[in-house]
$ cat target-v6.txt   # compact mmCIF, C-alpha atoms
# COMPACT_ATOMS: atom_id res chain seq x y z
CA MET A 1 0.00 0.00 0.00
CA PHE A 2 2.91 2.33 0.82
CA HIS A 3 6.54 2.01 -0.19
CA GLY A 4 9.87 3.77 0.17
CA SER A 5 10.88 6.30 2.81
CA ILE A 6 8.10 6.89 5.34
CA VAL A 7 9.00 9.48 7.96
CA ALA A 8 8.21 8.93 11.63
CA LEU A 9 7.48 12.63 12.10
CA VAL A 10 8.42 14.58 15.24
CA THR A 11 5.82 16.78 16.90
CA PRO A 12 7.25 20.32 17.10
CA MET A 13 6.85 22.00 20.47
CA THR A 14 7.58 25.41 21.91
CA ALA A 15 10.11 25.80 24.72
CA GLU A 16 7.15 25.63 27.12
CA GLY A 17 5.97 22.31 25.66
CA GLY A 18 2.97 23.49 23.64
CA ILE A 19 2.41 22.03 20.17
CA ASP A 20 3.72 24.37 17.45
CA TYR A 21 1.35 23.89 14.52
CA ALA A 22 3.11 26.44 12.32
CA SER A 23 6.31 24.40 12.54
CA LEU A 24 4.30 21.23 11.93
CA GLN A 25 3.06 22.75 8.67
CA ARG A 26 6.66 23.60 7.75
CA LEU A 27 7.71 19.98 8.32
CA VAL A 28 4.88 18.62 6.18
CA GLU A 29 5.93 20.93 3.33
CA PHE A 30 9.57 19.90 3.82
CA HIS A 31 8.62 16.26 3.26
CA VAL A 32 6.33 16.91 0.31
CA GLU A 33 9.11 18.90 -1.38
CA ASN A 34 11.82 16.32 -0.69
CA GLY A 35 10.13 13.16 -1.92
CA THR A 36 9.12 11.42 1.31
CA SER A 37 6.64 8.66 0.44
CA ALA A 38 4.34 8.98 3.48
CA ILE A 39 4.17 10.58 6.92
CA VAL A 40 3.53 8.83 10.23
CA ALA A 41 1.99 11.32 12.65
CA MET A 42 1.91 10.44 16.33
CA GLY A 43 4.28 7.49 16.37
CA THR A 44 6.98 7.03 19.00
CA THR A 45 9.07 9.78 17.39
CA GLY A 46 6.04 12.07 17.62
CA GLU A 47 6.01 11.73 21.43
CA SER A 48 2.64 10.01 21.40
CA ALA A 49 3.23 8.81 24.97
CA THR A 50 3.19 12.38 26.37
CA LEU A 51 0.29 13.89 24.43
CA ASP A 52 -3.21 13.58 25.81
CA GLU A 53 -5.95 12.01 23.67
CA ASP A 54 -7.32 15.33 22.41
CA GLU A 55 -3.86 16.53 21.36
CA HIS A 56 -3.10 13.16 19.78
CA CYS A 57 -6.25 13.31 17.64
CA GLU A 58 -5.72 16.96 16.76
CA VAL A 59 -2.16 16.40 15.52
CA MET A 60 -3.28 13.53 13.28
CA ARG A 61 -6.19 15.59 11.94
CA ARG A 62 -3.99 18.63 11.30
CA VAL A 63 -1.31 16.64 9.49
CA ALA A 64 -3.93 15.05 7.23
CA GLN A 65 -5.36 18.50 6.56
CA MET A 66 -1.91 19.98 5.87
CA ALA A 67 -0.99 17.15 3.52
CA ARG A 68 -4.09 17.84 1.37
CA GLY A 69 -3.76 14.49 -0.39
CA ARG A 70 -0.28 15.28 -1.70
CA ILE A 71 1.35 12.69 0.54
CA PRO A 72 -0.29 9.80 2.45
CA VAL A 73 -0.66 10.20 6.21
CA ILE A 74 -0.55 7.31 8.67
CA GLY A 75 -1.78 7.92 12.21
CA GLY A 76 -0.07 6.26 15.15
CA THR A 77 -2.94 4.85 17.17
CA GLY A 78 -1.52 2.01 19.24
CA ALA A 79 -2.15 1.70 22.98
CA ASN A 80 -1.84 -0.91 25.70
CA SER A 81 -5.59 -0.70 26.23
CA THR A 82 -7.61 -2.23 23.40
CA ARG A 83 -10.47 0.20 24.03
CA GLU A 84 -8.10 3.16 23.81
CA ALA A 85 -6.51 1.82 20.62
CA ILE A 86 -9.97 1.50 19.05
CA ALA A 87 -10.88 5.05 20.11
CA LEU A 88 -7.66 6.53 18.72
CA THR A 89 -7.97 4.55 15.48
CA ARG A 90 -11.53 5.72 15.00
CA CYS A 91 -10.43 9.29 15.71
CA ALA A 92 -7.66 8.99 13.11
CA MET A 93 -10.05 7.63 10.49
CA GLU A 94 -12.53 10.42 11.14
CA GLY A 95 -9.66 12.92 10.95
CA GLY A 96 -8.84 11.90 7.39
CA VAL A 97 -5.67 9.80 7.66
CA ASP A 98 -5.02 7.11 5.04
CA ALA A 99 -4.00 4.31 7.43
CA CYS A 100 -3.05 3.65 11.04
CA LEU A 101 0.08 2.26 12.71
CA LEU A 102 -0.55 0.26 15.87
CA VAL A 103 2.27 -0.60 18.23
CA THR A 104 1.98 -3.81 20.22
CA PRO A 105 0.51 -3.22 23.69
CA TYR A 106 3.35 -2.08 25.93
CA TYR A 107 4.03 -2.70 29.63
CA ASN A 108 1.28 -5.27 30.25
CA LYS A 109 3.14 -7.97 28.22
CA PRO A 110 0.25 -9.87 26.57
CA THR A 111 0.57 -13.41 25.28
CA GLN A 112 0.67 -14.12 21.55
CA GLU A 113 -3.03 -14.93 21.73
CA GLY A 114 -3.62 -11.62 23.48
CA LEU A 115 -1.73 -9.79 20.72
CA TYR A 116 -3.79 -11.54 18.08
CA LEU A 117 -7.10 -10.76 19.77
CA HIS A 118 -6.08 -7.14 20.47
CA HIS A 119 -5.21 -6.32 16.86
CA LYS A 120 -8.14 -8.34 15.53
CA ALA A 121 -10.52 -6.33 17.74
CA VAL A 122 -9.14 -3.00 16.49
CA ALA A 123 -9.22 -4.09 12.85
CA GLU A 124 -12.80 -5.31 13.12
CA ALA A 125 -13.96 -2.21 14.98
CA VAL A 126 -12.46 0.39 12.60
CA PRO A 127 -12.44 -0.32 8.85
CA ILE A 128 -9.26 1.59 7.96
CA PRO A 129 -6.02 0.02 6.66
CA GLN A 130 -3.80 -0.88 9.62
CA ILE A 131 -0.07 -1.54 9.95
CA LEU A 132 1.20 -3.62 12.86
CA TYR A 133 4.24 -2.29 14.73
CA ASN A 134 6.62 -4.62 16.55
CA VAL A 135 9.29 -2.91 18.67
CA PRO A 136 10.08 -5.16 21.65
CA GLY A 137 12.97 -2.94 22.76
CA ARG A 138 10.40 -0.35 23.82
CA THR A 139 7.35 -2.46 24.63
CA ALA A 140 8.77 -5.56 26.38
CA CYS A 141 6.47 -7.47 24.01
CA ASP A 142 7.53 -9.34 20.86
CA MET A 143 4.98 -10.22 18.19
CA LEU A 144 6.25 -13.45 16.64
CA PRO A 145 6.06 -14.14 12.88
CA GLU A 146 3.41 -16.81 13.41
CA THR A 147 1.13 -14.25 15.09
CA VAL A 148 1.77 -11.75 12.30
CA ALA A 149 0.74 -14.43 9.79
CA ARG A 150 -2.55 -15.01 11.59
CA LEU A 151 -3.28 -11.27 11.59
CA ALA A 152 -2.29 -10.95 7.93
CA ARG A 153 -5.46 -12.87 7.04
CA ILE A 154 -7.59 -9.94 8.26
CA PRO A 155 -8.34 -7.83 5.17
CA ASN A 156 -7.61 -4.36 6.55
CA ILE A 157 -4.33 -5.36 8.23
CA VAL A 158 -2.02 -4.39 5.39
CA GLY A 159 1.51 -4.18 6.80
CA LEU A 160 4.06 -4.73 9.55
CA LYS A 161 6.70 -2.34 10.83
CA GLU A 162 9.39 -4.70 12.13
CA ALA A 163 11.72 -2.72 14.38
CA THR A 164 13.84 -5.47 15.91
CA GLY A 165 16.67 -4.87 13.42
CA ASP A 166 16.91 -8.67 13.08
CA LEU A 167 17.21 -9.35 9.36
CA ASP A 168 16.96 -13.09 9.99
CA ARG A 169 13.25 -12.59 10.73
CA LEU A 170 12.48 -11.34 7.24
CA PRO A 171 12.62 -14.69 5.38
CA ARG A 172 10.30 -16.29 7.95
CA LEU A 173 7.85 -13.39 7.74
CA ARG A 174 7.86 -13.55 3.93
CA GLU A 175 7.40 -17.31 4.00
CA LEU A 176 4.44 -17.16 6.39
CA CYS A 177 2.73 -14.02 5.08
CA GLY A 178 3.45 -14.15 1.37
CA ASP A 179 1.98 -11.12 -0.35
CA ALA A 180 -0.81 -10.67 2.21
CA ILE A 181 0.91 -7.71 3.89
CA ASP A 182 3.78 -5.33 3.16
CA LEU A 183 6.85 -5.44 5.40
CA TYR A 184 8.58 -2.24 6.55
CA SER A 185 11.81 -1.82 8.45
CA GLY A 186 11.65 0.15 11.67
CA ASP A 187 15.43 0.30 12.05
CA ASP A 188 17.35 2.85 9.96
CA GLU A 189 20.72 1.10 10.24
CA THR A 190 19.47 -2.12 8.63
CA ALA A 191 16.74 -0.63 6.42
CA MET A 192 18.69 -0.74 3.16
CA GLU A 193 19.37 -4.45 3.51
CA PHE A 194 15.80 -5.07 4.68
CA ILE A 195 14.46 -3.51 1.46
CA LEU A 196 16.97 -5.31 -0.76
CA ARG A 197 15.75 -8.58 0.77
CA GLY A 198 12.12 -7.89 -0.05
CA GLY A 199 10.87 -5.20 2.31
CA ARG A 200 8.71 -2.41 0.91
CA GLY A 201 10.29 0.49 2.76
CA VAL A 202 11.27 1.97 6.11
CA ILE A 203 9.45 4.00 8.73
CA SER A 204 12.37 6.24 9.48
CA VAL A 205 13.77 8.61 12.09
CA THR A 206 16.63 9.66 9.80
CA ALA A 207 14.13 10.84 7.19
CA ASN A 208 13.18 13.71 9.51
CA VAL A 209 16.49 15.45 8.76
CA ALA A 210 17.60 13.90 5.45
CA PRO A 211 14.37 13.24 3.56
CA ARG A 212 15.75 13.52 0.03
CA ALA A 213 18.64 11.16 0.66
CA MET A 214 16.44 8.61 2.43
CA SER A 215 13.94 8.74 -0.41
CA GLU A 216 16.68 8.19 -3.00
CA MET A 217 18.28 5.37 -1.01
CA CYS A 218 14.96 3.57 -0.66
CA ALA A 219 14.15 4.02 -4.35
CA ALA A 220 17.49 2.51 -5.33
CA ALA A 221 17.02 -0.43 -2.95
CA LEU A 222 13.48 -1.05 -4.19
CA ARG A 223 14.71 -1.37 -7.77
CA GLY A 224 17.51 -3.69 -6.61
CA ASP A 225 20.40 -1.28 -7.24
CA ARG A 226 22.62 -2.27 -4.32
CA ALA A 227 25.58 -0.14 -5.41
CA GLU A 228 23.62 3.12 -5.59
CA ALA A 229 21.67 2.38 -2.42
CA ALA A 230 24.91 1.61 -0.53
CA ALA A 231 26.60 4.79 -1.77
CA ILE A 232 23.75 6.94 -0.48
CA ASN A 233 23.36 4.94 2.71
CA GLY A 234 27.05 5.32 3.48
CA ARG A 235 26.55 9.08 3.82
CA LEU A 236 23.63 8.46 6.18
CA MET A 237 25.18 5.88 8.47
CA ALA A 238 26.38 8.42 11.03
CA LEU A 239 22.83 9.77 11.29
CA HIS A 240 21.36 6.26 11.57
CA ARG A 241 23.69 5.71 14.53
CA ASP A 242 23.94 9.12 16.19
CA LEU A 243 20.26 10.01 16.18
CA PHE A 244 20.08 7.38 18.93
CA VAL A 245 22.88 8.62 21.22
CA GLU A 246 20.03 9.36 23.64
CA SER A 247 16.45 8.11 23.58
CA ASN A 248 14.54 8.90 20.39
CA PRO A 249 13.28 11.59 19.69
CA ILE A 250 15.71 13.61 21.81
CA PRO A 251 18.56 13.76 19.24
CA VAL A 252 16.37 14.20 16.15
CA LYS A 253 14.45 17.09 17.74
CA TRP A 254 17.74 18.78 18.60
CA ALA A 255 18.92 18.20 15.01
CA LEU A 256 15.78 19.74 13.51
CA HIS A 257 16.16 22.74 15.81
CA GLU A 258 19.81 23.05 14.72
CA MET A 259 18.56 23.05 11.11
CA GLY A 260 16.17 25.91 11.93
CA LEU A 261 13.01 23.90 11.28
CA ILE A 262 11.46 23.63 14.75
CA PRO A 263 11.68 25.24 18.20
CA PRO A 264 13.61 23.40 20.96
CA GLY A 265 10.61 22.06 22.89
CA ILE A 266 10.31 18.51 24.18
CA ARG A 267 8.12 17.13 26.97
CA LEU A 268 9.12 15.52 30.21
CA PRO A 269 10.13 12.88 31.03
CA LEU A 270 12.27 13.45 27.91
CA THR A 271 14.86 16.20 28.22
CA PRO A 272 16.90 18.22 25.70
CA LEU A 273 19.96 16.59 24.17
CA SER A 274 22.95 16.65 26.51
CA PRO A 275 25.56 19.20 25.36
CA ARG A 276 28.20 16.45 25.25
CA HIS A 277 26.41 14.99 22.22
CA HIS A 278 25.91 18.22 20.27
CA ASP A 279 29.09 17.95 18.21
CA THR A 280 28.45 14.27 17.48
CA VAL A 281 24.98 14.91 16.04
CA ARG A 282 26.17 18.06 14.26
CA ARG A 283 28.94 16.11 12.51
CA ALA A 284 26.44 13.45 11.41
CA LEU A 285 24.18 16.15 9.96
CA ARG A 286 27.10 17.64 8.02
CA GLU A 287 28.23 14.25 6.74
CA ALA A 288 24.73 13.67 5.37
CA GLY A 289 24.56 17.15 3.81
CA ALA A 290 21.74 18.25 6.09
CA LEU A 291 23.68 21.26 7.44
$ encode --input "target-v6.txt" --output "structure tokens"
Amino acid sequence: MFHGSIVALVTPMTAEGGIDYASLQRLVEFHVENGTSAIVAMGTTGESATLDEDEHCEVMRRVAQMARGRIPVIGGTGANSTREAIALTRCAMEGGVDACLLVTPYYNKPTQEGLYLHHKAVAEAVPIPQILYNVPGRTACDMLPETVARLARIPNIVGLKEATGDLDRLPRLRELCGDAIDLYSGDDETAMEFILRGGRGVISVTANVAPRAMSEMCAAALRGDRAEAAAINGRLMALHRDLFVESNPIPVKWALHEMGLIPPGIRLPLTPLSPRHHDTVRRALREAGAL
């Protein structure tokens, strides 16, 4: 349904922590102009965990409105409460997004059967295309390929964002799911190889600051041009690594502020990037041509 470089968009905030919608508009235009394939609003990188439900819905609605059909918008609507996930997904659909991204329920550590029933309930309650999101490093919950395959039989479950960085999972997922769903990397460092091995794209943090390069790298990988994809990806490797020197989205928000695109705001419990990392992230931006 989607392919290529899909940005996991930050949510710009003022120094006081309020949402800066003017900067959000600027970011949407930045991605339209630089070839990003789709925008995820209110994913992990968008600080979904610290926005209340009204803010969460408003950001998704505004991004869909700002995009004006020029670029697909995917709303992040996962929650560790099935009822809340349904409510957010319905809100996203009513707000005009094209699809939803649902992280596995975090903290309460459901069984594989619980994961299946959770995502099945959301998919049956809200008839919008839905992408599963597996990121056990953040959720303490790992959706196994066999569970993904069961969910892939549900018509409006159309994809999986696999953020383990484990490329050995990809053949098993492809074997079990076939063409029933699209597979997306959720790990920038291994995304090129993921796509070359059959993935359809990446939901990317790096794309926030280097959208054109990420778009070109993904396009090369999708057409099987390893040499060109590797040449572009080589210039991005420092960003793939250094945008995680502290918890995401701390470094990428600092980077976007350094680029003059957003104010410095971030919400507690996240804090601004430690000064000891400023030069590291700045060098990565320069290496990628983003500064």
$ closest_atom_pairs --input "target-v6.txt" --of "stretch 26-73 of chain A" --to "stretch 89-103 of chain A" --cutoff "6 Å" --atoms "only C-alpha atoms" --output "Markdown table"
| residue | atom | partner | partner_atom | distance |
| --- | --- | --- | --- | --- |
| A:Arg61 | CA | A:Gly95 | CA | 4.5 |
| A:Ala64 | CA | A:Val97 | CA | 5.5 |
| A:Val73 | CA | A:Val97 | CA | 5.2 |
$ residues_around --input "target-v6.txt" --residues "A:Arg169" --least-positions-apart "3" --cutoff "12 Å" --atoms "all atoms listed in the file" --output "JSON list (two decimals) with C-alpha atoms, keeping the file's coordinate frame"
[["chain", "number", "residue", "atom", "x", "y", "z"],
["A", 134, "ASN", "CA", 6.62, -4.62, 16.55],
["A", 143, "MET", "CA", 4.98, -10.22, 18.19],
["A", 144, "LEU", "CA", 6.25, -13.45, 16.64],
["A", 145, "PRO", "CA", 6.06, -14.14, 12.88],
["A", 146, "GLU", "CA", 3.41, -16.81, 13.41],
["A", 148, "VAL", "CA", 1.77, -11.75, 12.30],
["A", 162, "GLU", "CA", 9.39, -4.70, 12.13],
["A", 163, "ALA", "CA", 11.72, -2.72, 14.38],
["A", 164, "THR", "CA", 13.84, -5.47, 15.91],
["A", 165, "GLY", "CA", 16.67, -4.87, 13.42],
["A", 166, "ASP", "CA", 16.91, -8.67, 13.08],
["A", 172, "ARG", "CA", 10.30, -16.29, 7.95],
["A", 173, "LEU", "CA", 7.85, -13.39, 7.74],
["A", 174, "ARG", "CA", 7.86, -13.55, 3.93],
["A", 175, "GLU", "CA", 7.40, -17.31, 4.00],
["A", 176, "LEU", "CA", 4.44, -17.16, 6.39],
["A", 183, "LEU", "CA", 6.85, -5.44, 5.40],
["A", 185, "SER", "CA", 11.81, -1.82, 8.45],
["A", 194, "PHE", "CA", 15.80, -5.07, 4.68],
["A", 197, "ARG", "CA", 15.75, -8.58, 0.77],
["A", 198, "GLY", "CA", 12.12, -7.89, -0.05],
["A", 199, "GLY", "CA", 10.87, -5.20, 2.31]]
$ closest_residue --input "target-v6.txt" --among "A:Met1, A:Ala230, A:Ala49, A:Ala121" --to "A:Tyr184" --atoms "all atoms listed in the file"
A:Met1
$ residues_around --input "target-v6.txt" --residues "A:Cys141" --least-positions-apart "4" --cutoff "9 Å" --atoms "only C-alpha atoms" --output "number ranges by chain"
A: 104-111, 134-137
$ atom_distance --input "target-v6.txt" --atom1 "atom CA of A:Arg286" --atom2 "atom CA of A:Asp20"
26.1 Å
$ residues_near_point --input "target-v6.txt" --point "(23.5, 18.2, 22.0)" --cutoff "10 Å" --atoms "only C-alpha atoms" --output "JSON, numbers by chain"
{"A": [245, 246, 250, 251, 254, 255, 258, 272, 273, 274, 275, 276, 277, 278, 279, 280, 281, 282]}
$ atom_distance --input "target-v6.txt" --atom1 "atom CA of A:Glu193" --atom2 "atom CA of A:Asn233"
10.2 Å
$ residues_around --input "target-v6.txt" --residues "A:Ala125" --least-positions-apart "5" --cutoff "12 Å" --atoms "only C-alpha atoms" --output "list of chain:residue names"
A:Thr82, A:Arg83, A:Glu84, A:Ala85, A:Ile86, A:Ala87, A:Leu88, A:Thr89, A:Arg90, A:Met93, A:Leu117, A:His118, A:His119, A:Lys120, A:Gln130, A:Asn156
$ write_last_selection --input "target-v6.txt" --atoms "C-alpha atoms" --output "PDB file, in the frame of the given file"
ATOM      1  CA  THR A  82      -7.610  -2.230  23.400  1.00  0.00           C
ATOM      2  CA  ARG A  83     -10.470   0.200  24.030  1.00  0.00           C
ATOM      3  CA  GLU A  84      -8.100   3.160  23.810  1.00  0.00           C
ATOM      4  CA  ALA A  85      -6.510   1.820  20.620  1.00  0.00           C
ATOM      5  CA  ILE A  86      -9.970   1.500  19.050  1.00  0.00           C
ATOM      6  CA  ALA A  87     -10.880   5.050  20.110  1.00  0.00           C
ATOM      7  CA  LEU A  88      -7.660   6.530  18.720  1.00  0.00           C
ATOM      8  CA  THR A  89      -7.970   4.550  15.480  1.00  0.00           C
ATOM      9  CA  ARG A  90     -11.530   5.720  15.000  1.00  0.00           C
ATOM     10  CA  MET A  93     -10.050   7.630  10.490  1.00  0.00           C
ATOM     11  CA  LEU A 117      -7.100 -10.760  19.770  1.00  0.00           C
ATOM     12  CA  HIS A 118      -6.080  -7.140  20.470  1.00  0.00           C
ATOM     13  CA  HIS A 119      -5.210  -6.320  16.860  1.00  0.00           C
ATOM     14  CA  LYS A 120      -8.140  -8.340  15.530  1.00  0.00           C
ATOM     15  CA  GLN A 130      -3.800  -0.880   9.620  1.00  0.00           C
ATOM     16  CA  ASN A 156      -7.610  -4.360   6.550  1.00  0.00           C
TER      17      ASN A 156
END
$ closest_residue --input "target-v6.txt" --among "A:Arg200, A:Thr206, A:Gly289, A:Glu216" --to "A:Arg235" --atoms "all atoms listed in the file"
A:Gly289
$ residues_near_point --input "target-v6.txt" --point "(-1.8, 27.8, 17.6)" --cutoff "12 Å" --atoms "only C-alpha atoms" --output "list in words"
Pro12, Met13, Thr14, Gly18, Ile19, Asp20, Tyr21, Ala22, Ser23, Leu24, Gln25, Glu58, Val59 and Arg62 of chain A
$ atom_distance --input "target-v6.txt" --atom1 "atom CA of A:Pro72" --atom2 "atom CA of A:Leu236"
24.2 Å
$ residues_around --input "target-v6.txt" --residues "A:Gly224" --least-positions-apart "4" --cutoff "9 Å" --atoms "all atoms listed in the file" --output "ChimeraX atom specification"
/A:195-196,219-220,229
$ axis_aligned_box --input "target-v6.txt" --around "stretch 175-182 of chain A" --padding-each-side "4 Å" --output "AutoDock Vina command-line options"
--center_x 3.3 --center_y -11.3 --center_z 3.0 --size_x 16.2 --size_y 20.0 --size_z 14.7
$ residues_around --input "target-v6.txt" --residues "A:Gly4" --least-positions-apart "6" --cutoff "9 Å" --atoms "all atoms listed in the file" --output "ChimeraX atom specification"
/A:36-38,184,195,200-203,214-219,221-222
$ build_atoms --input "target-v6.txt" --residues "stretch 117-137 of chain A" --atoms "N, CA and C atoms" --output "mmCIF file, in the coordinates of the input"
data_model
loop_
_atom_site.group_PDB
_atom_site.id
_atom_site.type_symbol
_atom_site.label_atom_id
_atom_site.label_comp_id
_atom_site.auth_asym_id
_atom_site.auth_seq_id
_atom_site.Cartn_x
_atom_site.Cartn_y
_atom_site.Cartn_z
ATOM 1 N N LEU A 117 -5.751 -11.214 19.483
ATOM 2 C CA LEU A 117 -7.100 -10.760 19.770
ATOM 3 C C LEU A 117 -7.184 -9.233 19.857
ATOM 4 N N HIS A 118 -6.131 -8.605 20.386
ATOM 5 C CA HIS A 118 -6.080 -7.140 20.470
ATOM 6 C C HIS A 118 -6.156 -6.520 19.077
ATOM 7 N N HIS A 119 -5.250 -6.922 18.196
ATOM 8 C CA HIS A 119 -5.210 -6.320 16.860
ATOM 9 C C HIS A 119 -6.429 -6.709 16.029
ATOM 10 N N LYS A 120 -6.916 -7.901 16.221
ATOM 11 C CA LYS A 120 -8.140 -8.340 15.530
ATOM 12 C C LYS A 120 -9.313 -7.452 15.947
ATOM 13 N N ALA A 121 -9.421 -7.160 17.235
ATOM 14 C CA ALA A 121 -10.520 -6.330 17.740
ATOM 15 C C ALA A 121 -10.460 -4.926 17.140
ATOM 16 N N VAL A 122 -9.261 -4.350 17.067
ATOM 17 C CA VAL A 122 -9.140 -3.000 16.490
ATOM 18 C C VAL A 122 -9.494 -3.022 15.013
ATOM 19 N N ALA A 123 -8.967 -4.001 14.297
ATOM 20 C CA ALA A 123 -9.220 -4.090 12.850
ATOM 21 C C ALA A 123 -10.696 -4.279 12.553
ATOM 22 N N GLU A 124 -11.378 -5.061 13.362
ATOM 23 C CA GLU A 124 -12.800 -5.310 13.120
ATOM 24 C C GLU A 124 -13.665 -4.124 13.539
ATOM 25 N N ALA A 125 -13.176 -3.338 14.489
ATOM 26 C CA ALA A 125 -13.960 -2.210 14.980
ATOM 27 C C ALA A 125 -13.854 -0.986 14.072
ATOM 28 N N VAL A 126 -12.701 -0.822 13.402
ATOM 29 C CA VAL A 126 -12.460 0.390 12.600
ATOM 30 C C VAL A 126 -11.966 -0.022 11.216
ATOM 31 N N PRO A 127 -12.765 0.195 10.183
ATOM 32 C CA PRO A 127 -12.440 -0.320 8.850
ATOM 33 C C PRO A 127 -11.474 0.577 8.067
ATOM 34 N N ILE A 128 -10.300 0.814 8.631
ATOM 35 C CA ILE A 128 -9.260 1.590 7.960
ATOM 36 C C ILE A 128 -8.051 0.682 7.805
ATOM 37 N N PRO A 129 -7.236 0.829 6.758
ATOM 38 C CA PRO A 129 -6.020 0.020 6.660
ATOM 39 C C PRO A 129 -5.127 0.204 7.885
ATOM 40 N N GLN A 130 -4.589 -0.910 8.387
ATOM 41 C CA GLN A 130 -3.800 -0.880 9.620
ATOM 42 C C GLN A 130 -2.471 -1.598 9.430
ATOM 43 N N ILE A 131 -1.427 -0.991 9.988
ATOM 44 C CA ILE A 131 -0.070 -1.540 9.950
ATOM 45 C C ILE A 131 0.317 -1.920 11.370
ATOM 46 N N LEU A 132 0.709 -3.160 11.571
ATOM 47 C CA LEU A 132 1.200 -3.620 12.860
ATOM 48 C C LEU A 132 2.582 -3.047 13.116
ATOM 49 N N TYR A 133 2.943 -2.889 14.381
ATOM 50 C CA TYR A 133 4.240 -2.290 14.730
ATOM 51 C C TYR A 133 4.851 -3.092 15.866
ATOM 52 N N ASN A 134 5.948 -3.780 15.561
ATOM 53 C CA ASN A 134 6.620 -4.620 16.550
ATOM 54 C C ASN A 134 7.948 -3.991 16.945
ATOM 55 N N VAL A 135 8.056 -3.546 18.191
ATOM 56 C CA VAL A 135 9.290 -2.910 18.670
ATOM 57 C C VAL A 135 9.541 -3.359 20.116
ATOM 58 N N PRO A 136 9.959 -4.614 20.292
ATOM 59 C CA PRO A 136 10.080 -5.160 21.650
ATOM 60 C C PRO A 136 11.067 -4.417 22.531
ATOM 61 N N GLY A 137 12.038 -3.719 21.945
ATOM 62 C CA GLY A 137 12.970 -2.940 22.760
ATOM 63 C C GLY A 137 12.300 -1.844 23.559
#
